[in-house]
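So this one's run-v1.cif, mmCIF, C-alpha atoms and all ligand atoms:
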```
data_start
loop_
_atom_site.label_atom_id
_atom_site.label_comp_id
_atom_site.auth_asym_id
_atom_site.auth_seq_id
_atom_site.Cartn_x
_atom_site.Cartn_y
_atom_site.Cartn_z
CA MET A 1 37.66 58.05 14.45
CA PHE A 2 36.87 61.00 16.67
CA LEU A 3 38.86 59.39 19.54
CA PHE A 4 41.80 58.74 17.22
CA ASP A 5 41.77 62.37 16.02
CA TRP A 6 41.60 63.54 19.61
CA ILE A 7 44.58 61.36 20.72
CA ASN A 8 46.55 62.50 17.69
CA ALA A 9 45.84 66.16 18.44
CA PHE A 10 46.80 65.64 22.11
CA LEU A 11 50.12 63.91 21.26
CA ASN A 12 50.82 66.60 18.72
CA TRP A 13 50.17 69.26 21.33
CA LEU A 14 52.59 67.50 23.71
CA GLY A 15 55.20 67.55 20.96
CA PHE A 16 55.39 63.77 20.51
CA LEU A 17 54.33 63.79 16.89
CA LYS A 18 56.17 65.72 14.27
CA ASN A 19 54.57 66.35 10.92
CA GLU A 20 56.64 66.62 7.76
CA GLY A 21 55.76 68.97 4.97
CA SER A 22 57.46 70.39 1.95
CA LEU A 23 57.45 73.78 0.35
CA ILE A 24 58.26 74.14 -3.31
CA ILE A 25 59.29 77.72 -4.00
CA VAL A 26 59.06 78.92 -7.60
CA GLY A 27 58.71 82.22 -9.44
CA LEU A 28 60.66 84.20 -12.03
CA GLY A 29 64.33 85.08 -11.53
CA ASN A 30 65.01 87.99 -9.20
CA ALA A 31 61.59 87.66 -7.53
CA GLY A 32 63.08 87.26 -4.04
CA LYS A 33 62.75 83.48 -3.49
CA THR A 34 66.21 82.80 -2.05
CA THR A 35 66.09 85.92 0.11
CA PHE A 36 62.72 84.83 1.48
CA LEU A 37 63.89 81.27 2.23
CA SER A 38 67.08 82.48 3.89
CA ILE A 39 65.05 84.64 6.25
CA ILE A 40 62.42 82.09 7.17
CA SER A 41 65.00 79.29 7.63
CA HIS A 42 67.90 81.15 9.23
CA ASP A 43 66.67 84.67 9.94
CA ILE A 44 69.48 85.96 7.72
CA LEU A 45 69.06 88.83 5.26
CA LYS A 46 71.91 88.96 2.78
CA ALA A 47 72.59 89.27 -0.96
CA HIS A 48 72.43 86.04 -2.96
CA MET A 49 73.75 85.09 -6.37
CA PRO A 50 71.02 84.03 -8.82
CA THR A 51 70.15 80.40 -8.02
CA LEU A 52 71.78 78.03 -10.52
CA ARG A 53 70.44 74.69 -9.29
CA PRO A 54 67.70 73.58 -6.90
CA HIS A 55 68.63 74.29 -3.33
CA GLN A 56 67.11 72.78 -0.19
CA ASP A 57 66.71 74.17 3.28
CA SER A 58 64.56 73.28 6.25
CA PHE A 59 62.90 74.82 9.27
CA THR A 60 60.33 73.95 11.89
CA LEU A 61 57.18 75.91 12.55
CA LYS A 62 54.77 74.87 15.31
CA ASN A 63 55.91 71.23 15.38
CA ILE A 64 55.81 70.90 11.60
CA HIS A 65 59.14 70.21 9.97
CA PHE A 66 59.29 71.72 6.50
CA ASN A 67 61.74 70.81 3.77
CA ALA A 68 61.81 73.74 1.39
CA TRP A 69 63.03 73.63 -2.19
CA ASP A 70 64.12 76.88 -3.84
CA LEU A 71 64.14 75.99 -7.52
CA GLY A 72 65.56 79.04 -9.22
CA GLY A 73 63.62 81.13 -11.70
CA GLN A 74 65.98 81.51 -14.66
CA GLN A 75 64.39 80.30 -17.89
CA ASN A 76 66.46 77.07 -18.11
CA LEU A 77 65.54 76.04 -14.54
CA ARG A 78 61.79 76.47 -14.93
CA LYS A 79 61.40 73.12 -16.70
CA LEU A 80 62.28 71.47 -13.35
CA TRP A 81 59.38 73.06 -11.51
CA ARG A 82 56.71 70.61 -12.59
CA ASP A 83 58.73 67.55 -11.48
CA TYR A 84 59.33 69.00 -8.04
CA VAL A 85 55.77 70.25 -7.62
CA THR A 86 54.26 66.90 -8.55
CA THR A 87 56.66 64.59 -6.62
CA ASP A 88 55.24 64.70 -3.07
CA SER A 89 51.61 64.76 -2.15
CA ASN A 90 51.91 66.96 0.93
CA ASP A 91 53.47 69.98 -0.71
CA ILE A 92 52.58 73.60 -0.43
CA VAL A 93 53.62 75.49 -3.54
CA ILE A 94 54.88 79.05 -3.12
CA PHE A 95 55.02 81.30 -6.16
CA VAL A 96 56.99 84.50 -5.48
CA VAL A 97 56.28 87.57 -7.62
CA ASP A 98 58.28 90.80 -7.63
CA SER A 99 55.52 93.31 -6.79
CA ASN A 100 57.56 96.09 -8.31
CA ASP A 101 58.20 94.51 -11.70
CA ARG A 102 55.26 95.46 -13.93
CA ASP A 103 57.25 94.59 -17.07
CA LEU A 104 57.53 90.93 -16.08
CA LEU A 105 54.02 90.56 -14.68
CA GLY A 106 52.71 89.03 -17.93
CA GLU A 107 55.46 86.42 -17.89
CA ALA A 108 54.83 85.70 -14.21
CA LYS A 109 51.11 85.35 -14.97
CA SER A 110 51.75 82.80 -17.71
CA GLU A 111 54.10 80.69 -15.52
CA LEU A 112 51.72 80.95 -12.55
CA HIS A 113 48.73 79.73 -14.56
CA ASP A 114 50.74 76.68 -15.63
CA VAL A 115 51.69 76.01 -12.00
CA LEU A 116 48.06 76.36 -10.90
CA GLN A 117 47.10 73.67 -13.40
CA TYR A 118 49.76 71.04 -12.80
CA SER A 119 49.85 71.49 -9.02
CA GLY A 120 46.49 69.67 -8.88
CA SER A 121 44.92 69.88 -5.43
CA ARG A 122 48.08 71.14 -3.71
CA PRO A 123 47.70 74.54 -2.02
CA VAL A 124 49.37 77.46 -3.79
CA LEU A 125 50.43 80.65 -2.00
CA ILE A 126 51.39 83.59 -4.19
CA ILE A 127 53.73 85.96 -2.37
CA GLY A 128 54.14 89.52 -3.64
CA SER A 129 57.63 90.51 -2.46
CA LYS A 130 59.37 93.93 -2.34
CA GLN A 131 56.51 95.79 -0.70
CA ASP A 132 59.08 98.22 0.74
CA ILE A 133 59.43 99.80 -2.73
CA LYS A 134 57.07 102.74 -3.07
CA SER A 135 55.90 102.02 -6.61
CA CYS A 136 55.06 98.37 -5.90
CA MET A 137 51.72 96.78 -6.77
CA THR A 138 49.25 96.10 -3.97
CA ARG A 139 47.71 92.68 -3.28
CA ASP A 140 44.59 93.66 -5.25
CA GLU A 141 46.66 94.90 -8.20
CA LEU A 142 48.61 91.63 -8.21
CA ILE A 143 45.42 89.57 -8.19
CA GLN A 144 44.12 91.61 -11.11
CA GLY A 145 47.40 91.68 -13.06
CA LEU A 146 47.95 87.95 -12.61
CA ASP A 147 44.30 87.29 -13.47
CA ILE A 148 43.76 84.92 -10.56
CA GLY A 149 40.61 86.40 -9.03
CA ASP A 150 38.70 83.22 -9.84
CA TYR A 151 41.30 81.00 -8.17
CA VAL A 152 41.77 82.80 -4.84
CA THR A 153 39.99 80.95 -2.03
CA GLY A 154 41.81 82.29 1.04
CA LEU A 155 42.53 79.84 3.86
CA THR A 156 39.49 77.62 3.72
CA THR A 157 38.68 73.96 3.39
CA ALA A 158 38.29 74.39 -0.37
CA PRO A 159 39.51 71.41 -2.42
CA LYS A 160 42.39 73.59 -3.59
CA ILE A 161 43.59 76.46 -1.41
CA VAL A 162 44.94 79.45 -3.33
CA ASP A 163 45.84 82.70 -1.62
CA VAL A 164 47.91 85.85 -2.12
CA LEU A 165 49.96 87.56 0.60
CA VAL A 166 52.43 90.42 0.30
CA CYS A 167 55.65 91.09 2.19
CA SER A 168 58.98 92.82 2.27
CA ASN A 169 62.00 90.62 2.88
CA VAL A 170 63.92 93.78 3.77
CA THR A 171 61.64 95.27 6.45
CA ARG A 172 60.08 91.83 7.18
CA ARG A 173 56.60 93.29 7.05
CA GLY A 174 54.16 90.51 6.22
CA LEU A 175 56.54 87.63 7.01
CA PRO A 176 54.92 86.59 10.34
CA GLN A 177 51.54 86.42 8.55
CA ILE A 178 53.08 84.26 5.82
CA MET A 179 54.62 81.84 8.34
CA ASN A 180 51.32 81.66 10.16
CA TRP A 181 49.54 81.02 6.85
CA ILE A 182 51.92 78.18 5.97
CA THR A 183 51.32 76.30 9.23
CA LYS A 184 47.55 76.86 9.15
CA CYS A 185 47.39 75.77 5.52
CA PHE A 186 49.37 72.60 6.26
CA GLU A 187 47.04 71.79 9.16
CA ILE A 188 43.92 72.36 7.04
CA ALA A 189 45.15 70.55 3.94
CA TYR A 190 47.13 67.67 5.43
CA ILE A 191 46.45 67.10 9.13
CA LYS A 192 42.74 67.66 9.79
N1 LIG B 1 63.63 95.89 -1.95
C1 LIG B 1 63.56 94.56 -1.84
N2 LIG B 1 64.45 93.79 -2.47
C2 LIG B 1 64.33 92.44 -2.35
C3 LIG B 1 63.30 91.83 -1.59
N3 LIG B 1 63.45 90.49 -1.69
C4 LIG B 1 64.51 90.28 -2.46
N4 LIG B 1 65.05 91.45 -2.88
C5 LIG B 1 66.19 91.66 -3.76
O1 LIG B 1 65.84 91.12 -5.04
C6 LIG B 1 66.99 90.56 -5.68
C7 LIG B 1 66.72 89.11 -6.06
O2 LIG B 1 66.54 88.35 -4.88
P1 LIG B 1 66.75 86.77 -4.87
O3 LIG B 1 66.22 86.27 -3.56
O4 LIG B 1 68.14 86.40 -5.21
O5 LIG B 1 65.77 86.34 -6.07
P2 LIG B 1 65.45 84.88 -6.59
O6 LIG B 1 63.98 84.83 -6.78
O7 LIG B 1 66.04 83.86 -5.70
O8 LIG B 1 66.13 84.87 -8.02
P3 LIG B 1 66.73 83.61 -8.85
O9 LIG B 1 67.66 82.88 -7.96
O10 LIG B 1 67.41 84.21 -10.04
O11 LIG B 1 65.57 82.77 -9.26
C8 LIG B 1 68.15 90.72 -4.69
O12 LIG B 1 68.84 91.91 -5.01
C9 LIG B 1 67.43 90.89 -3.34
O13 LIG B 1 68.18 91.62 -2.40
C10 LIG B 1 62.36 92.68 -0.92
O14 LIG B 1 61.41 92.25 -0.25
N5 LIG B 1 62.55 94.03 -1.09
MG MG B 2 67.51 82.48 -6.01
#
```
Please express the file's structure as structure tokens.
Amino acid sequence: MFLFDWINAFLNWLGFLKNEGSLIIVGLGNAGKTTFLSIISHDILKAHMPTLRPHQDSFTLKNIHFNAWDLGGQQNLRKLWRDYVTTDSNDIVIFVVDSNDRDLLGEAKSELHDVLQYSGSRPVLIIGSKQDIKSCMTRDELIQGLDIGDYVTGLTTAPKIVDVLVCSNVTRRGLPQIMNWITKCFEIAYIK
């Protein structure tokens, strides 16, 4: 087994093996999901219409090819989330929260707790967007407001990885850390 792991790691390092993963991106409307996906897939920052139907994009990070689904956060689209989250077994779920929207934090909390339940053992990354806005909530405030202190494991070999990172899609602060997190998480949860 050790030899097999070693050969696999070596071929992977040479670029002969490509791993496939999927990201399922959910969160309330206006949270910044489509903006985030457009930047990580195409490095393009532009205005988007609210998402009306699930939209797919893809990108490669460190020899891992990711198919990403941006599901839209309007009320009528949220019923699709569970089907997408529970379809593949090698998913990473991303829940985007608008760090500046205190009014909708309760609603985000309720949706997030549902996602944490039905996502089973799949890793969940909560991303607090809009950190460029002065009045935004910090990572600690988001953890408290979303009441997820007991869930957050960080990037470990826990049976279910749950973590919270913050970013600005406008200034791009925090995005390299998020991309790094996604690849590391995939390696921990699905390769090693
Ligand atoms: N200041 C700031 N604005 C952002 C950031 N990310 C997204 N936005 C803005 O937030 C608004 C909503 O962004 P979208 O990416 O369309 O949000 P969404 O989550 O895809 O929304 P739905 O498609 O309705 O589910 C847009 O006006 C974006 O320009 C950010 O990091 N900072
Ligand atoms: Mg959208």
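Neighbours of Thr153 in chain A closer than or equal to 7 Å, with all atoms listed in the file counted and sequence neighbours fewer than 3 positions away skipped, come out as Thr156, Ala158, Ile161, Val162 and Asp163 of chain A.
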If you take all atoms listed in the file and a cut-off of 9 Å, which residues of chain A touch ligand LIG 1 (chain B), and what are their nearest atom pairs and distances in Å to one decimal, in chain and number order, as JSON lines?
```
{"residue": "A:Ile25", "atom": "CA", "partner": "B:LIG1", "partner_atom": "O6", "distance": 9.0}
{"residue": "A:Val26", "atom": "CA", "partner": "B:LIG1", "partner_atom": "O6", "distance": 7.7}
{"residue": "A:Gly27", "atom": "CA", "partner": "B:LIG1", "partner_atom": "O6", "distance": 6.5}
{"residue": "A:Leu28", "atom": "CA", "partner": "B:LIG1", "partner_atom": "O11", "distance": 5.8}
{"residue": "A:Gly29", "atom": "CA", "partner": "B:LIG1", "partner_atom": "O11", "distance": 3.5}
{"residue": "A:Asn30", "atom": "CA", "partner": "B:LIG1", "partner_atom": "O8", "distance": 3.5}
{"residue": "A:Ala31", "atom": "CA", "partner": "B:LIG1", "partner_atom": "O6", "distance": 3.8}
{"residue": "A:Gly32", "atom": "CA", "partner": "B:LIG1", "partner_atom": "O3", "distance": 3.3}
{"residue": "A:Lys33", "atom": "CA", "partner": "B:LIG1", "partner_atom": "O6", "distance": 3.8}
{"residue": "A:Thr34", "atom": "CA", "partner": "B:LIG1", "partner_atom": "O3", "distance": 3.8}
{"residue": "A:Thr35", "atom": "CA", "partner": "B:LIG1", "partner_atom": "O3", "distance": 3.7}
{"residue": "A:Phe36", "atom": "CA", "partner": "B:LIG1", "partner_atom": "O3", "distance": 6.3}
{"residue": "A:Leu37", "atom": "CA", "partner": "B:LIG1", "partner_atom": "O3", "distance": 8.0}
{"residue": "A:Ser38", "atom": "CA", "partner": "B:LIG1", "partner_atom": "O3", "distance": 8.4}
{"residue": "A:Leu45", "atom": "CA", "partner": "B:LIG1", "partner_atom": "O13", "distance": 8.2}
{"residue": "A:Lys46", "atom": "CA", "partner": "B:LIG1", "partner_atom": "O13", "distance": 6.9}
{"residue": "A:Ala47", "atom": "CA", "partner": "B:LIG1", "partner_atom": "O13", "distance": 5.2}
{"residue": "A:His48", "atom": "CA", "partner": "B:LIG1", "partner_atom": "O4", "distance": 4.9}
{"residue": "A:Met49", "atom": "CA", "partner": "B:LIG1", "partner_atom": "O4", "distance": 5.9}
{"residue": "A:Pro50", "atom": "CA", "partner": "B:LIG1", "partner_atom": "O9", "distance": 3.7}
{"residue": "A:Thr51", "atom": "CA", "partner": "B:LIG1", "partner_atom": "O9", "distance": 3.5}
{"residue": "A:Leu52", "atom": "CA", "partner": "B:LIG1", "partner_atom": "O9", "distance": 6.9}
{"residue": "A:Arg53", "atom": "CA", "partner": "B:LIG1", "partner_atom": "O9", "distance": 8.8}
{"residue": "A:Asp70", "atom": "CA", "partner": "B:LIG1", "partner_atom": "O7", "distance": 7.5}
{"residue": "A:Leu71", "atom": "CA", "partner": "B:LIG1", "partner_atom": "O11", "distance": 7.1}
{"residue": "A:Gly72", "atom": "CA", "partner": "B:LIG1", "partner_atom": "O11", "distance": 3.7}
{"residue": "A:Gly73", "atom": "CA", "partner": "B:LIG1", "partner_atom": "O11", "distance": 3.5}
{"residue": "A:Gln74", "atom": "CA", "partner": "B:LIG1", "partner_atom": "O10", "distance": 5.5}
{"residue": "A:Leu77", "atom": "CA", "partner": "B:LIG1", "partner_atom": "O11", "distance": 8.6}
{"residue": "A:Val96", "atom": "CA", "partner": "B:LIG1", "partner_atom": "O6", "distance": 7.1}
{"residue": "A:Val97", "atom": "CA", "partner": "B:LIG1", "partner_atom": "O6", "distance": 8.2}
{"residue": "A:Asp98", "atom": "CA", "partner": "B:LIG1", "partner_atom": "N3", "distance": 7.9}
{"residue": "A:Ser99", "atom": "CA", "partner": "B:LIG1", "partner_atom": "O14", "distance": 8.9}
{"residue": "A:Asn100", "atom": "CA", "partner": "B:LIG1", "partner_atom": "N1", "distance": 8.8}
{"residue": "A:Gly128", "atom": "CA", "partner": "B:LIG1", "partner_atom": "O14", "distance": 8.5}
{"residue": "A:Ser129", "atom": "CA", "partner": "B:LIG1", "partner_atom": "O14", "distance": 4.7}
{"residue": "A:Lys130", "atom": "CA", "partner": "B:LIG1", "partner_atom": "O14", "distance": 3.4}
{"residue": "A:Gln131", "atom": "CA", "partner": "B:LIG1", "partner_atom": "O14", "distance": 6.1}
{"residue": "A:Asp132", "atom": "CA", "partner": "B:LIG1", "partner_atom": "N5", "distance": 5.7}
{"residue": "A:Ile133", "atom": "CA", "partner": "B:LIG1", "partner_atom": "N1", "distance": 5.8}
{"residue": "A:Cys167", "atom": "CA", "partner": "B:LIG1", "partner_atom": "O14", "distance": 6.4}
{"residue": "A:Ser168", "atom": "CA", "partner": "B:LIG1", "partner_atom": "O14", "distance": 3.5}
{"residue": "A:Asn169", "atom": "CA", "partner": "B:LIG1", "partner_atom": "O14", "distance": 3.6}
{"residue": "A:Val170", "atom": "CA", "partner": "B:LIG1", "partner_atom": "O14", "distance": 5.0}
{"residue": "A:Thr171", "atom": "CA", "partner": "B:LIG1", "partner_atom": "O14", "distance": 7.4}
{"residue": "A:Arg172", "atom": "CA", "partner": "B:LIG1", "partner_atom": "O14", "distance": 7.6}
{"residue": "A:Arg173", "atom": "CA", "partner": "B:LIG1", "partner_atom": "O14", "distance": 8.8}
```
Proximity to Arg122 in chain A - best of A:Ala189, A:Cys136, A:Leu155, A:Ile64, only C-alpha atoms: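 Between A:Ala189, A:Cys136, A:Leu155, A:Ile64, the residue approaching Arg122 in chain A most closely is A:Ala189.
The interatomic distance for the pair CA of Asp101 in chain A and CA of Ile127 in chain A works out to 13.4 Å.
Here CA of Asn19 in chain A and CA of Ile92 in chain A stand 13.6 Å from one another.
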